[in-house]
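Accompanying notes for the structure given below.
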Amino acid sequence: MSDFLKIKNLKASIDGNQILKGIDLEVKPGEVHAIMGPNGSGKSTLASVLAGREEYEVEADEVSYLGDDVLELAPEERSRAGLFLAFQYPVEIPGVSNINFLKAAVNAKRKHRGLDDISAKDFMFMMKEKQALVELKQSLANRSVNEGFSGGEKKRNEIFQMAMLEPRLGILDETDSGLDIDALKIVANGVNKLKNDENAFIVITHYQRLLDYIIPDFVHVLFDGRIVKSGDKTLALELEEKGYDWLTNGVEAI
Amino acid sequence: MGDKQTFLKQFDSIPAVFPVQGTARAHIHNGLDFPTTRDEYWKYTRVNAILDKDYIDNSWMPSSINEYSIPAMDSIDIVFVNGGFNKELSSNASESGLVFGSVLNQDGENKNLILEHLGKYADSEKHAFSAFNTSYFKDGAFIRIKKGCEIKRPLRILNLSGGVNQANNLRNLFLIEENAQVQIIAHNIGAELQGGFVNVVTEVSVGDGSNLEYYLIENDGDESSLINTTHVHQAGTSTAKVVTLTQSGRLVRNNLNFDINGQGCESNMYGIYFTSGKQHLDNHTYADHRSPNCESNELYKGVMTERSTGVFNGKIMVRQEAQKTNAFQSNQNILLSDNASINTKPELEIYADDVKCSHGCTIGQLDDEALFYLRSRGLNKLEASKLLIQAFAGDVLEEISIPALQEYVAEFIHKKFEDLDA
Ligand SMILES: Nc1ncnc2c1ncn2[C@@H]1O[C@H](COP(=O)(O)OP(=O)(O)OP(=O)(O)O)[C@@H](O)[C@H]1O
Ligand SMILES: [Mg+2]
């Protein structure tokens, strides 16, 4: 069987600034990886590069996902292959209705699998089911994509979309930031329900709190574009207590 | 440029039925010249290709108009073929208070009204293509909505052109009397037109308390030229809205002029276009505020791709007596290709001091962040662009208050994307 996700020596630059300086990471089905690290260390950059944002100059020895060279794929091809990024800052798209957008996304994925467009009835049923999963207000689905959504609503909407698209690899970029404590539980619960032996999650967060609900198999610390420490879930607790200084002292920042 | 007389001579056998036609002929033969790019208002639009051509009067005739219909549209239609009225293809439905027929076929009171109004609003003194139309039009639509009448169904003027090197000078006159209400669609189609020239002039008088919606659909095909000149004369407290949809045309020039004469008038101009290939589209609009307390709104939105080029020139004139004028203007463009371009320019002339005026134009690309977001959910670039363009066009689409027509425009945008995909 080919590897699920394998990243070797991934580097990324933008406007001449190197942000990722050689990342190694391997993810297997059924695993949850947490990525922590100080502001500006490159967490979102890693997530964006995996999702296919085109602004970066990227090089790597290997970035493979289910046997494909990820870097060769367009963002939409990655998505159809089951990769999903829940954005740290979801964009507002006035005038594009959530429903039309989601229907197009669901159908793009179905087409990729050789299926016909989803029927209106099945789509509505699926919407209801997944909205319930993240307790997203139904009225939000009728509005423009993220337009005027509160910070928390945007994050919930990301998880709702994730539930609709049922990815193999979900990357959650600070989905917990801006969520109240009840919402945090709901979102975490949603993720746990989507989790199975076939899929995997990379959870980017600053807070141990989320990891009480979504229990990681591995915790990685990203600092200045490199993973400087990996461990199990106890590493997150240690970070909560001690901060990052003890890890980053002696690591040279540019 | 070809010789003007040679060009005009091709049309001299068309009879001059109305006195204004004779006057215009003399003027265009002896005085007025066609514009060149040295004329300020024609700087970016060359008309040589129109004037250099030899025109033939074709006998092309459609057997039915079914294929030129707008799906789900319940309109009363009259049909012109190459500028001449076709009674057989026209509907003979009627409503009370409505006169809807050919300019040539009127008599009695209606004929007198035509003699009184025809040529009163369009400027054949200075504008050569208007003078050319006045000189050589064969016919056109005459619409009269009598005082206090509201016409329930939209009226559609189907102006079909067909054949090789056909010229079509259609001349319309709409008289919307006091407290009347109507929706009119001028549907220009180059049915089997190859290298033709369609030159339409429409004069509109809107009476006190009236409400007019006028939709221009321009689809003469990618080898033909269209010059579409519309003069709306508003009196009293009237509301008029003109929405222009440009679907095709190798060269399209729209002249839309509003004379705002009554107190408390509302004048609305909307445009939507999606150009491709080597199309050239030029929108010139003019809101002439001549009396106080009026409002004009203008929003033109367009998408341009491939090697197409565009011009937008929106003139707002606020005369000294037009105090408390509110005038808004905006032209927004999305260029989907590096080879597409547009020159867009507002032109404000304000002589009154108590005036609110705003204008803006934008030329840009689709928002990269939004595109990436949509693509990250599995939509390909074209599908993502389509959703964003539909959203971009949304506020102009909303101004189309005939649902079937709104759907038609949405479908046009959809179809453009399918063509781009192919
Ligand atoms: N266009 C750009 N030009 C230069 N530097 C950039 C550009 N975009 C991002 N960066 C820098 O890259 C670094 C990494 O940013 P990134 O968003 O990946 O950090 P992060 O780890 O997600 O931080 P946070 O925890 O605050 O979300 C930052 O220092 C940022 O300023
Ligand atoms: Mg980040």
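Here's how to read the names in the structure tokens: chain A, B, ... by the order shown, residue numbers from 1 in each chain, ligand numbers from 1 in the order shown.
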Environment of ligand 2 within 9 Å, counting only C-alpha atoms and all ligand atoms, reported as a ChimeraX atom specification
/A:39-45,47,87-89,173-174,204-205
Q) Skipping near chain neighbours, those fewer than 5 positions away, what residues fall within 12 Å of Ile159 in chain A using only C-alpha atoms, listed as a ChimeraX atom specification? A) /A:84-88,90,130-136,152-154,164-167,170-176,183-184,186-194
Only N, CA, C and O atoms, please: the residues just picked out, written as a compact mmCIF listing (two decimals), in the first residue's frame.
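The resulting file, part_31.txt, is reproduced below:
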# COMPACT_ATOMS: atom_id res chain seq x y z
N PHE A 84 -8.75 18.26 2.68
CA PHE A 84 -9.61 19.39 3.06
C PHE A 84 -8.89 20.29 4.03
O PHE A 84 -8.34 19.84 5.03
N LEU A 85 -8.90 21.59 3.74
CA LEU A 85 -8.33 22.57 4.67
C LEU A 85 -9.44 23.42 5.26
O LEU A 85 -10.18 24.09 4.54
N ALA A 86 -9.56 23.36 6.60
CA ALA A 86 -10.44 24.31 7.29
C ALA A 86 -9.59 25.53 7.58
O ALA A 86 -8.62 25.47 8.34
N PHE A 87 -9.93 26.64 6.91
CA PHE A 87 -9.06 27.82 6.94
C PHE A 87 -9.03 28.51 8.31
O PHE A 87 -10.03 28.55 9.01
N GLN A 88 -7.86 29.08 8.60
CA GLN A 88 -7.77 29.91 9.81
C GLN A 88 -8.63 31.17 9.64
O GLN A 88 -9.32 31.58 10.56
N PRO A 90 -11.40 32.05 7.08
CA PRO A 90 -12.25 31.78 5.91
C PRO A 90 -12.66 33.08 5.22
O PRO A 90 -13.00 34.04 5.91
N LYS A 130 -25.75 17.19 8.23
CA LYS A 130 -24.43 17.72 8.59
C LYS A 130 -24.53 19.02 9.38
O LYS A 130 -23.67 19.32 10.21
N GLN A 131 -25.58 19.79 9.11
CA GLN A 131 -25.79 21.00 9.92
C GLN A 131 -26.04 20.62 11.37
O GLN A 131 -25.55 21.27 12.28
N ALA A 132 -26.79 19.56 11.53
CA ALA A 132 -27.10 19.10 12.88
C ALA A 132 -25.81 18.67 13.58
O ALA A 132 -25.61 18.94 14.77
N LEU A 133 -24.92 18.08 12.82
CA LEU A 133 -23.67 17.58 13.39
C LEU A 133 -22.86 18.69 14.05
O LEU A 133 -22.28 18.51 15.10
N VAL A 134 -22.82 19.86 13.39
CA VAL A 134 -22.05 20.96 13.98
C VAL A 134 -22.96 22.05 14.55
O VAL A 134 -22.51 23.14 14.89
N GLU A 135 -24.24 21.73 14.64
CA GLU A 135 -25.24 22.65 15.17
C GLU A 135 -25.12 24.04 14.52
O GLU A 135 -25.08 25.06 15.19
N LEU A 136 -25.05 24.01 13.20
CA LEU A 136 -24.97 25.27 12.44
C LEU A 136 -26.39 25.72 12.15
O LEU A 136 -27.22 24.93 11.70
N GLY A 152 -16.99 32.81 15.12
CA GLY A 152 -17.32 31.44 15.49
C GLY A 152 -18.15 30.74 14.42
O GLY A 152 -17.95 29.55 14.15
N GLU A 153 -19.07 31.50 13.82
CA GLU A 153 -19.91 30.91 12.76
C GLU A 153 -19.07 30.50 11.56
O GLU A 153 -19.32 29.48 10.92
N LYS A 154 -18.07 31.31 11.26
CA LYS A 154 -17.19 30.96 10.14
C LYS A 154 -16.48 29.64 10.40
O LYS A 154 -16.36 28.79 9.51
N MET A 164 -19.63 17.84 4.94
CA MET A 164 -20.29 17.63 3.66
C MET A 164 -19.38 16.90 2.68
O MET A 164 -19.83 16.11 1.86
N LEU A 165 -18.10 17.21 2.73
CA LEU A 165 -17.17 16.67 1.73
C LEU A 165 -16.47 15.40 2.19
O LEU A 165 -15.77 14.75 1.41
N GLU A 166 -16.63 15.05 3.46
CA GLU A 166 -16.09 13.81 4.01
C GLU A 166 -14.67 13.50 3.52
O GLU A 166 -14.43 12.53 2.82
N PRO A 167 -13.71 14.34 3.91
CA PRO A 167 -12.35 14.17 3.40
C PRO A 167 -11.62 12.96 3.99
O PRO A 167 -12.00 12.44 5.04
N GLY A 170 -8.12 15.73 6.76
CA GLY A 170 -8.63 17.05 7.14
C GLY A 170 -7.55 17.83 7.86
O GLY A 170 -6.90 17.32 8.77
N ILE A 171 -7.34 19.07 7.41
CA ILE A 171 -6.36 19.94 8.08
C ILE A 171 -7.14 21.08 8.71
O ILE A 171 -7.82 21.83 8.01
N LEU A 172 -7.09 21.18 10.03
CA LEU A 172 -7.85 22.21 10.72
C LEU A 172 -6.88 23.27 11.21
O LEU A 172 -6.08 23.02 12.11
N ASP A 173 -6.95 24.45 10.60
CA ASP A 173 -6.02 25.51 10.98
C ASP A 173 -6.67 26.43 12.00
O ASP A 173 -7.49 27.29 11.66
N GLU A 174 -6.32 26.23 13.25
CA GLU A 174 -6.85 27.04 14.35
C GLU A 174 -8.36 27.15 14.32
O GLU A 174 -8.91 28.24 14.51
N THR A 175 -9.01 26.05 14.08
CA THR A 175 -10.47 26.06 14.07
C THR A 175 -11.01 26.43 15.44
O THR A 175 -12.10 26.97 15.57
N ASP A 176 -10.22 26.19 16.47
CA ASP A 176 -10.69 26.48 17.82
C ASP A 176 -10.61 27.96 18.19
O ASP A 176 -11.33 28.42 19.07
N ALA A 183 -19.13 25.89 21.72
CA ALA A 183 -18.89 25.67 20.30
C ALA A 183 -17.67 24.77 20.09
O ALA A 183 -17.64 23.92 19.21
N LEU A 184 -16.69 24.97 20.93
CA LEU A 184 -15.48 24.16 20.85
C LEU A 184 -15.82 22.68 21.01
O LEU A 184 -15.37 21.83 20.24
N ILE A 186 -18.72 21.30 20.48
CA ILE A 186 -19.53 20.86 19.34
C ILE A 186 -18.65 20.55 18.13
O ILE A 186 -18.80 19.50 17.48
N VAL A 187 -17.73 21.47 17.85
CA VAL A 187 -16.84 21.28 16.70
C VAL A 187 -15.96 20.04 16.90
O VAL A 187 -15.81 19.20 16.00
N ALA A 188 -15.41 19.91 18.12
CA ALA A 188 -14.55 18.76 18.40
C ALA A 188 -15.34 17.46 18.27
O ALA A 188 -14.88 16.47 17.68
N ASN A 189 -16.55 17.51 18.77
CA ASN A 189 -17.43 16.36 18.68
C ASN A 189 -17.71 15.99 17.22
O ASN A 189 -17.72 14.81 16.86
N GLY A 190 -17.92 17.04 16.40
CA GLY A 190 -18.14 16.83 14.97
C GLY A 190 -16.95 16.11 14.35
O GLY A 190 -17.11 15.14 13.60
N VAL A 191 -15.77 16.59 14.67
CA VAL A 191 -14.56 15.97 14.13
C VAL A 191 -14.46 14.52 14.58
O VAL A 191 -14.18 13.62 13.79
N ASN A 192 -14.72 14.29 15.85
CA ASN A 192 -14.63 12.91 16.36
C ASN A 192 -15.60 11.97 15.66
O ASN A 192 -15.30 10.81 15.45
N LYS A 193 -16.77 12.51 15.32
CA LYS A 193 -17.74 11.67 14.61
C LYS A 193 -17.29 11.35 13.19
O LYS A 193 -17.64 10.30 12.65
N LEU A 194 -16.55 12.29 12.59
CA LEU A 194 -16.08 12.06 11.22
C LEU A 194 -14.86 11.14 11.18
O LEU A 194 -14.53 10.56 10.15
query = For chain B, which residues have at least one atom within 12 Å of chain A, if we go by only C-alpha atoms? Write them as JSON, numbers by chain, please.
reply = {"B": [366, 367, 368, 369, 370, 371, 372, 373, 374, 375, 376, 377, 378, 379, 380, 381, 382, 383, 384, 385, 386, 387, 388, 389, 390, 391, 392, 393, 394, 395, 396, 397, 398]}
Students should find that atom 17 (O, counted along the ligand's line) of ligand 1 and CA of Leu25 in chain A are spaced 18.5 Å
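Straight-line separation from CA of Ile260 in chain B to CA of Glu295 in chain B: 9.1 Å.
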